[in-house]
$ cat work-v9.cif   # mmCIF, C-alpha atoms
data_my_file
loop_
_atom_site.group_PDB
_atom_site.id
_atom_site.type_symbol
_atom_site.label_atom_id
_atom_site.label_comp_id
_atom_site.auth_asym_id
_atom_site.auth_seq_id
_atom_site.Cartn_x
_atom_site.Cartn_y
_atom_site.Cartn_z
ATOM 1 C CA MET A 1 75.799 99.454 79.940
ATOM 2 C CA VAL A 2 72.792 97.334 80.814
ATOM 3 C CA LEU A 3 73.313 95.439 84.029
ATOM 4 C CA PHE A 4 71.448 93.708 86.788
ATOM 5 C CA LEU A 5 72.120 91.461 89.746
ATOM 6 C CA CYS A 6 71.130 87.904 88.987
ATOM 7 C CA GLY A 7 72.747 85.495 91.419
ATOM 8 C CA TYR A 8 74.395 82.251 90.423
ATOM 9 C CA GLU A 9 71.486 79.826 90.205
ATOM 10 C CA PRO A 10 70.537 80.429 86.527
ATOM 11 C CA TRP A 11 74.159 79.699 85.564
ATOM 12 C CA ARG A 12 74.989 76.828 87.879
ATOM 13 C CA ARG A 13 73.803 74.202 85.382
ATOM 14 C CA PHE A 14 76.354 75.462 82.825
ATOM 15 C CA GLU A 15 79.229 75.422 85.318
ATOM 16 C CA LYS A 16 80.702 72.018 84.530
ATOM 17 C CA ASP A 17 80.474 72.404 80.743
ATOM 18 C CA TYR A 18 81.830 75.939 80.992
ATOM 19 C CA ARG A 19 84.865 74.776 82.935
ATOM 20 C CA ASP A 20 85.391 71.932 80.458
ATOM 21 C CA GLY A 21 85.282 74.383 77.570
ATOM 22 C CA ASN A 22 81.931 73.187 76.197
ATOM 23 C CA LYS A 23 80.217 76.524 75.957
ATOM 24 C CA ALA A 24 77.622 76.052 73.223
ATOM 25 C CA ASP A 25 74.570 75.842 75.558
ATOM 26 C CA TYR A 26 75.985 78.541 77.771
ATOM 27 C CA GLU A 27 76.579 80.890 74.834
ATOM 28 C CA ARG A 28 73.009 80.303 73.629
ATOM 29 C CA GLN A 29 71.660 81.196 77.051
ATOM 30 C CA LYS A 30 73.947 84.224 77.303
ATOM 31 C CA THR A 31 72.796 85.498 73.920
ATOM 32 C CA ARG A 32 69.162 84.973 74.947
ATOM 33 C CA TRP A 33 69.647 87.025 78.136
ATOM 34 C CA THR A 34 71.539 89.709 76.213
ATOM 35 C CA ASP A 35 68.716 90.073 73.707
ATOM 36 C CA ILE A 36 66.069 90.178 76.444
ATOM 37 C CA LEU A 37 67.938 92.943 78.278
ATOM 38 C CA ILE A 38 68.445 95.016 75.142
ATOM 39 C CA GLN A 39 64.802 94.581 74.140
ATOM 40 C CA ARG A 40 63.604 95.647 77.576
ATOM 41 C CA ALA A 41 65.910 98.666 77.680
ATOM 42 C CA GLU A 42 64.757 99.581 74.183
ATOM 43 C CA LYS A 43 61.103 99.281 75.103
ATOM 44 C CA GLU A 44 61.281 101.093 78.425
ATOM 45 C CA VAL A 45 64.130 103.620 78.323
ATOM 46 C CA ILE A 46 66.203 103.900 75.119
ATOM 47 C CA PRO A 47 64.068 103.754 71.937
ATOM 48 C CA GLY A 48 66.029 102.367 68.992
ATOM 49 C CA LEU A 49 68.847 101.004 71.174
ATOM 50 C CA SER A 50 69.336 97.811 69.159
ATOM 51 C CA THR A 51 69.942 99.785 65.934
ATOM 52 C CA MET A 52 72.712 101.851 67.597
ATOM 53 C CA ILE A 53 74.876 98.975 68.845
ATOM 54 C CA GLU A 54 78.320 98.678 67.206
ATOM 55 C CA VAL A 55 79.889 96.164 69.534
ATOM 56 C CA LYS A 56 78.379 93.919 72.197
ATOM 57 C CA GLU A 57 80.014 92.185 75.154
ATOM 58 C CA THR A 58 78.157 90.200 77.781
ATOM 59 C CA ALA A 59 79.476 88.983 81.107
ATOM 60 C CA THR A 60 77.804 86.518 83.484
ATOM 61 C CA PRO A 61 78.737 85.177 86.923
ATOM 62 C CA LEU A 62 80.697 82.468 85.084
ATOM 63 C CA THR A 63 82.675 85.179 83.274
ATOM 64 C CA ASN A 64 83.393 86.734 86.673
ATOM 65 C CA TRP A 65 84.615 83.382 87.935
ATOM 66 C CA ARG A 66 86.808 82.831 84.881
ATOM 67 C CA PHE A 67 88.652 86.138 85.183
ATOM 68 C CA THR A 68 88.673 86.661 88.958
ATOM 69 C CA ARG A 69 88.166 83.139 90.391
ATOM 70 C CA ASN A 70 85.647 84.495 92.871
ATOM 71 C CA PRO A 71 83.472 81.452 93.724
ATOM 72 C CA GLU A 72 80.139 81.580 91.871
ATOM 73 C CA GLY A 73 81.228 84.868 90.320
ATOM 74 C CA ALA A 74 80.617 86.751 93.556
ATOM 75 C CA ILE A 75 81.183 90.499 93.282
ATOM 76 C CA TYR A 76 81.088 91.529 96.966
ATOM 77 C CA GLY A 77 82.661 88.552 98.765
ATOM 78 C CA PHE A 78 80.711 86.968 101.609
ATOM 79 C CA GLU A 79 77.179 88.285 102.006
ATOM 80 C CA GLN A 80 76.867 91.256 104.357
ATOM 81 C CA SER A 81 74.525 89.392 106.679
ATOM 82 C CA MET A 82 73.714 90.502 110.244
ATOM 83 C CA ASP A 83 76.189 87.971 111.598
ATOM 84 C CA ASN A 84 78.897 88.830 109.075
ATOM 85 C CA ALA A 85 78.979 92.635 108.871
ATOM 86 C CA PHE A 86 81.024 95.373 110.575
ATOM 87 C CA MET A 87 81.592 94.345 114.219
ATOM 88 C CA ASN A 88 80.725 90.772 113.329
ATOM 89 C CA ARG A 89 82.475 90.739 109.949
ATOM 90 C CA ILE A 90 85.075 88.046 109.456
ATOM 91 C CA ASP A 91 88.559 89.128 110.628
ATOM 92 C CA ASN A 92 91.315 89.726 108.084
ATOM 93 C CA ARG A 93 93.544 87.682 110.374
ATOM 94 C CA THR A 94 92.772 84.038 109.655
ATOM 95 C CA PRO A 95 93.304 81.032 111.950
ATOM 96 C CA ILE A 96 96.246 80.097 109.690
ATOM 97 C CA LYS A 97 99.419 81.818 110.852
ATOM 98 C CA GLY A 98 100.740 84.191 108.203
ATOM 99 C CA LEU A 99 97.568 84.118 106.085
ATOM 100 C CA TYR A 100 95.534 87.311 105.891
ATOM 101 C CA LEU A 101 92.511 88.394 103.893
ATOM 102 C CA ALA A 102 92.831 91.551 101.799
ATOM 103 C CA SER A 103 89.696 91.471 99.693
ATOM 104 C CA ALA A 104 85.932 91.734 99.525
ATOM 105 C CA TRP A 105 85.755 88.430 101.422
ATOM 106 C CA GLY A 106 87.406 90.077 104.412
ATOM 107 C CA ASN A 107 86.736 93.135 106.540
ATOM 108 C CA PRO A 108 84.942 95.512 105.947
ATOM 109 C CA GLY A 109 83.886 93.818 102.687
ATOM 110 C CA GLY A 110 82.959 94.471 99.069
ATOM 111 C CA GLY A 111 83.017 97.556 96.899
ATOM 112 C CA PHE A 112 86.019 99.562 95.702
ATOM 113 C CA GLY A 113 86.233 101.589 98.938
ATOM 114 C CA GLY A 114 85.660 98.576 101.169
ATOM 115 C CA VAL A 115 88.240 96.457 99.416
ATOM 116 C CA LEU A 116 90.903 99.178 99.588
ATOM 117 C CA ARG A 117 90.194 99.446 103.312
ATOM 118 C CA ALA A 118 90.532 95.660 103.630
ATOM 119 C CA GLY A 119 93.947 95.802 101.946
ATOM 120 C CA GLU A 120 95.003 98.601 104.262
ATOM 121 C CA GLN A 121 93.753 96.798 107.344
ATOM 122 C CA ALA A 122 95.508 93.546 106.373
ATOM 123 C CA PHE A 123 98.758 95.541 106.009
ATOM 124 C CA GLU A 124 98.215 97.066 109.449
ATOM 125 C CA GLN A 125 97.584 93.664 111.051
ATOM 126 C CA MET A 126 100.589 92.075 109.363
ATOM 127 C CA MET A 127 102.865 94.840 110.645
ATOM 128 C CA GLU A 128 101.396 94.475 114.127
ATOM 129 C CA ASP A 129 101.942 90.710 114.136
ATOM 130 C CA TRP A 130 105.504 91.028 112.835
ATOM 131 C CA ALA A 131 106.564 93.699 115.358
ATOM 132 C CA MET B 132 61.125 107.092 124.037
ATOM 133 C CA ILE B 133 62.089 107.103 120.423
ATOM 134 C CA GLU B 134 61.734 103.764 118.842
ATOM 135 C CA LEU B 135 64.583 103.396 116.411
ATOM 136 C CA ARG B 136 63.899 100.863 113.733
ATOM 137 C CA VAL B 137 67.067 99.739 112.023
ATOM 138 C CA SER B 138 66.509 97.972 108.761
ATOM 139 C CA ARG B 139 69.074 95.526 107.509
ATOM 140 C CA ARG B 140 69.853 97.913 104.685
ATOM 141 C CA SER B 141 70.461 100.915 106.940
ATOM 142 C CA PHE B 142 72.536 98.818 109.339
ATOM 143 C CA VAL B 143 74.784 97.643 106.546
ATOM 144 C CA SER B 144 75.202 101.077 104.983
ATOM 145 C CA ILE B 145 75.827 102.875 108.299
ATOM 146 C CA THR B 146 78.348 100.324 109.500
ATOM 147 C CA ALA B 147 80.095 100.223 106.137
ATOM 148 C CA MET B 148 80.423 104.017 106.192
ATOM 149 C CA THR B 149 81.738 103.930 109.753
ATOM 150 C CA ALA B 150 84.297 101.301 108.848
ATOM 151 C CA LEU B 151 85.473 103.447 105.961
ATOM 152 C CA THR B 152 86.194 106.443 108.180
ATOM 153 C CA MET B 153 88.741 104.626 110.310
ATOM 154 C CA ALA B 154 92.100 106.086 109.427
ATOM 155 C CA LEU B 155 95.500 104.496 109.567
ATOM 156 C CA ASP B 156 97.542 105.377 112.665
ATOM 157 C CA TRP B 157 100.985 106.089 111.222
ATOM 158 C CA ARG B 158 102.596 106.475 114.627
ATOM 159 C CA ARG B 159 101.608 102.895 115.395
ATOM 160 C CA ILE B 160 102.745 101.638 111.960
ATOM 161 C CA ASN B 161 106.100 103.399 112.321
ATOM 162 C CA ALA B 162 106.558 101.883 115.786
ATOM 163 C CA TYR B 163 105.894 98.392 114.390
ATOM 164 C CA ALA B 164 108.311 99.055 111.532
ATOM 165 C CA ALA B 165 111.023 100.154 113.960
ATOM 166 C CA LYS B 166 110.677 96.915 115.949
ATOM 167 C CA MET B 167 110.724 94.624 112.927
ATOM 168 C CA GLY B 168 114.386 94.839 111.965
ATOM 169 C CA PRO B 169 115.497 94.292 108.347
ATOM 170 C CA LYS B 170 112.428 94.378 106.084
ATOM 171 C CA LYS B 171 113.961 91.894 103.681
ATOM 172 C CA ASP B 172 113.343 89.242 106.348
ATOM 173 C CA TYR B 173 109.578 89.511 105.738
ATOM 174 C CA PRO B 174 109.043 88.298 102.166
ATOM 175 C CA THR B 175 105.332 88.330 101.378
ATOM 176 C CA VAL B 176 103.230 86.779 98.644
ATOM 177 C CA VAL B 177 100.019 88.502 97.625
ATOM 178 C CA ILE B 178 97.608 86.165 95.854
ATOM 179 C CA GLY B 179 95.464 88.109 93.414
ATOM 180 C CA ALA B 180 96.040 91.559 91.946
ATOM 181 C CA GLY B 181 92.581 92.919 92.659
ATOM 182 C CA LEU B 182 92.168 96.217 94.481
ATOM 183 C CA GLY B 183 92.605 94.559 97.897
ATOM 184 C CA GLY B 184 95.800 92.730 97.003
ATOM 185 C CA LEU B 185 97.240 95.681 95.096
ATOM 186 C CA CYS B 186 96.507 98.005 98.007
ATOM 187 C CA CYS B 187 97.975 95.687 100.649
ATOM 188 C CA GLY B 188 100.981 94.907 98.456
ATOM 189 C CA ALA B 189 101.635 98.578 97.766
ATOM 190 C CA TYR B 190 101.556 99.463 101.466
ATOM 191 C CA LEU B 191 103.978 96.608 102.212
ATOM 192 C CA ALA B 192 106.302 97.489 99.331
ATOM 193 C CA ARG B 193 106.470 101.104 100.480
ATOM 194 C CA GLN B 194 107.731 99.794 103.838
ATOM 195 C CA GLY B 195 110.564 98.057 101.986
ATOM 196 C CA ILE B 196 109.044 94.602 102.397
ATOM 197 C CA PRO B 197 109.725 92.260 99.446
ATOM 198 C CA VAL B 198 106.338 91.593 97.830
ATOM 199 C CA THR B 199 105.583 88.992 95.172
ATOM 200 C CA LEU B 200 102.219 89.600 93.535
ATOM 201 C CA VAL B 201 100.629 86.725 91.636
ATOM 202 C CA GLU B 202 97.660 87.009 89.316
ATOM 203 C CA GLN B 203 95.892 84.558 87.044
ATOM 204 C CA PRO B 204 94.837 86.694 84.020
ATOM 205 C CA SER B 205 97.280 88.831 82.082
ATOM 206 C CA ILE B 206 95.988 92.175 83.360
ATOM 207 C CA PRO B 207 95.906 93.394 86.976
ATOM 208 C CA GLY B 208 92.959 95.025 88.706
ATOM 209 C CA GLY B 209 90.481 92.214 89.302
ATOM 210 C CA TYR B 210 87.036 93.739 88.926
ATOM 211 C CA ALA B 211 88.615 97.206 88.786
ATOM 212 C CA THR B 212 90.003 96.886 85.312
ATOM 213 C CA ALA B 213 89.128 97.425 81.650
ATOM 214 C CA PHE B 214 89.689 95.718 78.308
ATOM 215 C CA ASP B 215 89.560 96.795 74.677
ATOM 216 C CA ARG B 216 87.499 95.485 71.784
ATOM 217 C CA GLY B 217 88.626 97.322 68.680
ATOM 218 C CA ARG B 218 88.259 101.038 69.322
ATOM 219 C CA PHE B 219 86.011 100.449 72.332
ATOM 220 C CA THR B 220 87.070 100.148 75.945
ATOM 221 C CA PHE B 221 84.931 98.149 78.356
ATOM 222 C CA GLU B 222 85.083 98.585 82.109
ATOM 223 C CA VAL B 223 84.715 95.247 83.831
ATOM 224 C CA SER B 224 82.633 96.597 86.716
ATOM 225 C CA LEU B 225 82.120 100.211 87.732
ATOM 226 C CA HIS B 226 82.208 103.018 85.186
ATOM 227 C CA GLY B 227 82.734 105.583 87.906
ATOM 228 C CA THR B 228 83.035 105.935 91.653
ATOM 229 C CA SER B 229 83.640 108.634 94.232
ATOM 230 C CA ILE B 230 86.909 108.789 96.103
ATOM 231 C CA ASN B 231 85.785 111.463 98.557
ATOM 232 C CA ASN B 232 84.539 109.130 101.275
ATOM 233 C CA ASN B 233 87.200 109.658 103.980
ATOM 234 C CA ALA B 234 89.120 106.563 102.954
ATOM 235 C CA THR B 235 89.619 106.042 99.221
ATOM 236 C CA ALA B 236 91.481 109.274 98.371
ATOM 237 C CA ARG B 237 93.587 108.935 101.520
ATOM 238 C CA ILE B 238 94.516 105.325 100.715
ATOM 239 C CA LEU B 239 95.360 106.121 97.083
ATOM 240 C CA ASP B 240 97.553 108.965 98.347
ATOM 241 C CA ASN B 241 99.227 106.699 100.932
ATOM 242 C CA VAL B 242 100.204 104.164 98.290
ATOM 243 C CA GLY B 243 101.480 106.917 96.002
ATOM 244 C CA VAL B 244 99.026 106.735 93.105
ATOM 245 C CA LEU B 245 96.581 109.590 93.765
ATOM 246 C CA LYS B 246 98.713 112.210 92.017
ATOM 247 C CA LYS B 247 99.126 109.940 89.004
ATOM 248 C CA LEU B 248 95.394 109.536 88.459
ATOM 249 C CA GLN B 249 93.507 111.580 85.959
ATOM 250 C CA LEU B 250 90.256 112.375 87.714
ATOM 251 C CA ASP B 251 86.991 113.267 86.047
ATOM 252 C CA GLY B 252 84.244 115.329 87.566
ATOM 253 C CA ALA B 253 83.650 118.618 89.275
ATOM 254 C CA PHE B 254 84.467 117.589 92.823
ATOM 255 C CA PRO B 255 87.915 118.456 94.205
ATOM 256 C CA VAL B 256 89.726 115.660 96.036
ATOM 257 C CA ARG B 257 89.476 115.950 99.788
ATOM 258 C CA LEU B 258 92.165 114.337 101.917
#

$ encode --input "work-v9.cif" --output "structure tokens"
Amino acid sequence: MVLFLCGYEPWRRFEKDYRDGNKADYERQKTRWTDILIQRAEKEVIPGLSTMIEVKETATPLTNWRFTRNPEGAIYGFEQSMDNAFMNRIDNRTPIKGLYLASAWGNPGGGFGGVLRAGEQAFEQMMEDWA
Amino acid sequence: MIELRVSRRSFVSITAMTALTMALDWRRINAYAAKMGPKKDYPTVVIGAGLGGLCCGAYLARQGIPVTLVEQPSIPGGYATAFDRGRFTFEVSLHGTSINNNATARILDNVGVLKKLQLDGAFPVRL
């Protein structure tokens, strides 16, 4: 797997067309990025990589959005900024009664371990509020 | 005096690790459950079958609470899932992760799936 963090900006201009199902430009760009990544990996770490490939799949932030509906294809929810991390991280209890966060967008945040903890914590808070 | 410089990176990783070590207090949960009355009176909808929703929903369901889980695509898991192309299987996000971090193995055990998992690697599961 060849992967890197890229943010949403390079893909934002394809967003509308992508959502409307006009993916020709997007696919061209995706293929271009795929080839660049494979060429770089081939040059710097895996000689002959391109000759060994049997099947290729590429995902972008728009792919993430399509399958998970995370805005802008986010993978870790809200940014772990100084004012939105740990003690300051957004609460899984929301201002809307009966609505709780149980995801990377909540507390403690993204990653498999973090998200499981968020689900657990939301459960705990729901039970507390119901009791 | 020691001058402790905390980088943003170290702050985030230390606090994330601390958050992960907080365990569930079952005595408190059981006390809440006892006060709630019939569990069928607390129907819950979980929007999204990613790890967070699945985890929360599983905890609730194990309490006897009616849970309706809704998901957009045809397969559950969110980013923690896989799909097939011919004879190849693609993981959507991580290829591997550790569950020995004071929270993950414990949570998977709590929701009743740890024993059903086939685990790779040389490290025994610590609960």

$ closest_atom_pairs --input "work-v9.cif" --of "chain B" --to "chain A" --cutoff "6 Å" --atoms "all atoms listed in the file" --output "JSON lines"
{"residue": "B:Thr146", "atom": "CA", "partner": "A:Phe86", "partner_atom": "CA", "distance": 5.7}
{"residue": "B:Tyr163", "atom": "CA", "partner": "A:Ala131", "partner_atom": "CA", "distance": 4.8}
{"residue": "B:Lys166", "atom": "CA", "partner": "A:Ala131", "partner_atom": "CA", "distance": 5.3}
{"residue": "B:Met167", "atom": "CA", "partner": "A:Ala131", "partner_atom": "CA", "distance": 4.9}
{"residue": "B:Gly183", "atom": "CA", "partner": "A:Gly119", "partner_atom": "CA", "distance": 4.4}
{"residue": "B:Gly184", "atom": "CA", "partner": "A:Ala102", "partner_atom": "CA", "distance": 5.8}
{"residue": "B:Cys186", "atom": "CA", "partner": "A:Gly119", "partner_atom": "CA", "distance": 5.2}
{"residue": "B:Cys187", "atom": "CA", "partner": "A:Gly119", "partner_atom": "CA", "distance": 4.2}
{"residue": "B:Gly209", "atom": "CA", "partner": "A:Thr68", "partner_atom": "CA", "distance": 5.9}
{"residue": "B:Thr235", "atom": "CA", "partner": "A:Gly113", "partner_atom": "CA", "distance": 5.6}

$ resolve_selection --input "work-v9.cif" --expression "the PyMOL selection byres ((chain B and resi 178) around 7)" --output "PDB file with C-alpha atoms, in the frame of the given file"
ATOM      1  CA  VAL B 176     103.230  86.779  98.644  1.00  0.00           C
ATOM      2  CA  VAL B 177     100.019  88.502  97.625  1.00  0.00           C
ATOM      3  CA  GLY B 179      95.464  88.109  93.414  1.00  0.00           C
ATOM      4  CA  ALA B 180      96.040  91.559  91.946  1.00  0.00           C
ATOM      5  CA  GLY B 184      95.800  92.730  97.003  1.00  0.00           C
ATOM      6  CA  LEU B 200     102.219  89.600  93.535  1.00  0.00           C
ATOM      7  CA  VAL B 201     100.629  86.725  91.636  1.00  0.00           C
ATOM      8  CA  GLU B 202      97.660  87.009  89.316  1.00  0.00           C
TER       9      GLU B 202
END

$ atom_distance --input "work-v9.cif" --atom1 "CA of Arg19 in chain A" --atom2 "CA of Asp215 in chain B"
24.0 Å

$ resolve_selection --input "work-v9.cif" --expression "the PyMOL selection byres ((chain A and resi 11) around 10)" --output "list in words"
Cys6, Gly7, Tyr8, Glu9, Pro10, Arg12, Arg13, Phe14, Glu15, Tyr18, Tyr26, Gln29, Lys30, Thr60, Pro61, Leu62, Glu72 and Gly73 of chain A

$ atom_distance --input "work-v9.cif" --atom1 "CA of Pro169 in chain B" --atom2 "CA of Ala192 in chain B"
13.3 Å

$ residues_around --input "work-v9.cif" --residues "Pro255 in chain B" --least-positions-apart "4" --cutoff "12 Å" --atoms "only C-alpha atoms" --output "PyMOL selection string"
chain B and resi 229-231+236+250-251

$ atom_distance --input "work-v9.cif" --atom1 "CA of Gly208 in chain B" --atom2 "CA of Leu185 in chain B"
7.7 Å

$ build_atoms --input "work-v9.cif" --residues "range 226-257 of chain B" --atoms "N, CA and C atoms" --output "mmCIF file, keeping the file's coordinate frame"
data_model
loop_
_atom_site.group_PDB
_atom_site.id
_atom_site.type_symbol
_atom_site.label_atom_id
_atom_site.label_comp_id
_atom_site.auth_asym_id
_atom_site.auth_seq_id
_atom_site.Cartn_x
_atom_site.Cartn_y
_atom_site.Cartn_z
ATOM 1 N N HIS B 226 81.798 102.010 86.157
ATOM 2 C CA HIS B 226 82.208 103.018 85.186
ATOM 3 C C HIS B 226 82.751 104.239 85.918
ATOM 4 N N GLY B 227 82.270 104.442 87.123
ATOM 5 C CA GLY B 227 82.734 105.583 87.906
ATOM 6 C C GLY B 227 82.501 105.342 89.385
ATOM 7 N N THR B 228 83.240 106.050 90.215
ATOM 8 C CA THR B 228 83.035 105.935 91.653
ATOM 9 C C THR B 228 83.520 107.230 92.289
ATOM 10 N N SER B 229 83.164 107.450 93.527
ATOM 11 C CA SER B 229 83.640 108.634 94.232
ATOM 12 C C SER B 229 84.800 108.243 95.125
ATOM 13 N N ILE B 230 85.804 109.115 95.193
ATOM 14 C CA ILE B 230 86.909 108.789 96.103
ATOM 15 C C ILE B 230 86.874 109.681 97.340
ATOM 16 N N ASN B 231 85.896 110.585 97.386
ATOM 17 C CA ASN B 231 85.785 111.463 98.557
ATOM 18 C C ASN B 231 84.880 110.844 99.614
ATOM 19 N N ASN B 232 85.357 109.795 100.252
ATOM 20 C CA ASN B 232 84.539 109.130 101.275
ATOM 21 C C ASN B 232 85.345 108.899 102.554
ATOM 22 N N ASN B 233 86.350 109.719 102.778
ATOM 23 C CA ASN B 233 87.200 109.658 103.980
ATOM 24 C C ASN B 233 88.187 108.501 103.966
ATOM 25 N N ALA B 234 88.157 107.670 102.961
ATOM 26 C CA ALA B 234 89.120 106.563 102.954
ATOM 27 C C ALA B 234 89.816 106.430 101.606
ATOM 28 N N THR B 235 89.049 106.406 100.517
ATOM 29 C CA THR B 235 89.619 106.042 99.221
ATOM 30 C C THR B 235 90.719 107.000 98.772
ATOM 31 N N ALA B 236 90.459 108.313 98.805
ATOM 32 C CA ALA B 236 91.481 109.274 98.371
ATOM 33 C C ALA B 236 92.720 109.181 99.263
ATOM 34 N N ARG B 237 92.472 109.034 100.568
ATOM 35 C CA ARG B 237 93.587 108.935 101.520
ATOM 36 C C ARG B 237 94.443 107.685 101.238
ATOM 37 N N ILE B 238 93.782 106.564 100.987
ATOM 38 C CA ILE B 238 94.516 105.325 100.715
ATOM 39 C C ILE B 238 95.308 105.438 99.408
ATOM 40 N N LEU B 239 94.663 105.970 98.368
ATOM 41 C CA LEU B 239 95.360 106.121 97.083
ATOM 42 C C LEU B 239 96.565 107.035 97.231
ATOM 43 N N ASP B 240 96.432 108.061 98.094
ATOM 44 C CA ASP B 240 97.553 108.965 98.347
ATOM 45 C C ASP B 240 98.656 108.231 99.118
ATOM 46 N N ASN B 241 98.258 107.462 100.129
ATOM 47 C CA ASN B 241 99.227 106.699 100.932
ATOM 48 C C ASN B 241 100.074 105.760 100.082
ATOM 49 N N VAL B 242 99.448 105.122 99.096
ATOM 50 C CA VAL B 242 100.204 104.164 98.290
ATOM 51 C C VAL B 242 100.857 104.827 97.067
ATOM 52 N N GLY B 243 100.722 106.151 96.992
ATOM 53 C CA GLY B 243 101.480 106.917 96.002
ATOM 54 C C GLY B 243 100.886 106.969 94.608
ATOM 55 N N VAL B 244 99.587 106.699 94.458
ATOM 56 C CA VAL B 244 99.026 106.735 93.105
ATOM 57 C C VAL B 244 98.049 107.891 92.869
ATOM 58 N N LEU B 245 97.610 108.549 93.939
ATOM 59 C CA LEU B 245 96.581 109.590 93.765
ATOM 60 C C LEU B 245 97.007 110.667 92.765
ATOM 61 N N LYS B 246 98.253 111.124 92.885
ATOM 62 C CA LYS B 246 98.713 112.210 92.017
ATOM 63 C C LYS B 246 98.867 111.761 90.568
ATOM 64 N N LYS B 247 98.949 110.451 90.369
ATOM 65 C CA LYS B 247 99.126 109.940 89.004
ATOM 66 C C LYS B 247 97.793 109.693 88.308
ATOM 67 N N LEU B 248 96.704 109.802 89.048
ATOM 68 C CA LEU B 248 95.394 109.536 88.459
ATOM 69 C C LEU B 248 94.855 110.767 87.747
ATOM 70 N N GLN B 249 94.211 110.503 86.635
ATOM 71 C CA GLN B 249 93.507 111.580 85.959
ATOM 72 C C GLN B 249 92.049 111.477 86.378
ATOM 73 N N LEU B 250 91.587 112.460 87.133
ATOM 74 C CA LEU B 250 90.256 112.375 87.714
ATOM 75 C C LEU B 250 89.237 113.177 86.893
ATOM 76 N N ASP B 251 88.084 112.579 86.716
ATOM 77 C CA ASP B 251 86.991 113.267 86.047
ATOM 78 C C ASP B 251 86.072 113.877 87.104
ATOM 79 N N GLY B 252 85.280 114.828 86.676
ATOM 80 C CA GLY B 252 84.244 115.329 87.566
ATOM 81 C C GLY B 252 84.577 116.652 88.196
ATOM 82 N N ALA B 253 83.547 117.245 88.787
ATOM 83 C CA ALA B 253 83.650 118.618 89.275
ATOM 84 C C ALA B 253 84.063 118.699 90.736
ATOM 85 N N PHE B 254 84.219 117.542 91.399
ATOM 86 C CA PHE B 254 84.467 117.589 92.823
ATOM 87 C C PHE B 254 85.963 117.516 93.141
ATOM 88 N N PRO B 255 86.500 118.508 93.843
ATOM 89 C CA PRO B 255 87.915 118.456 94.205
ATOM 90 C C PRO B 255 88.173 117.326 95.196
ATOM 91 N N VAL B 256 89.371 116.759 95.136
ATOM 92 C CA VAL B 256 89.726 115.660 96.036
ATOM 93 C C VAL B 256 89.924 116.204 97.433
ATOM 94 N N ARG B 257 89.280 115.570 98.393
ATOM 95 C CA ARG B 257 89.476 115.950 99.788
ATOM 96 C C ARG B 257 90.309 114.879 100.480
#
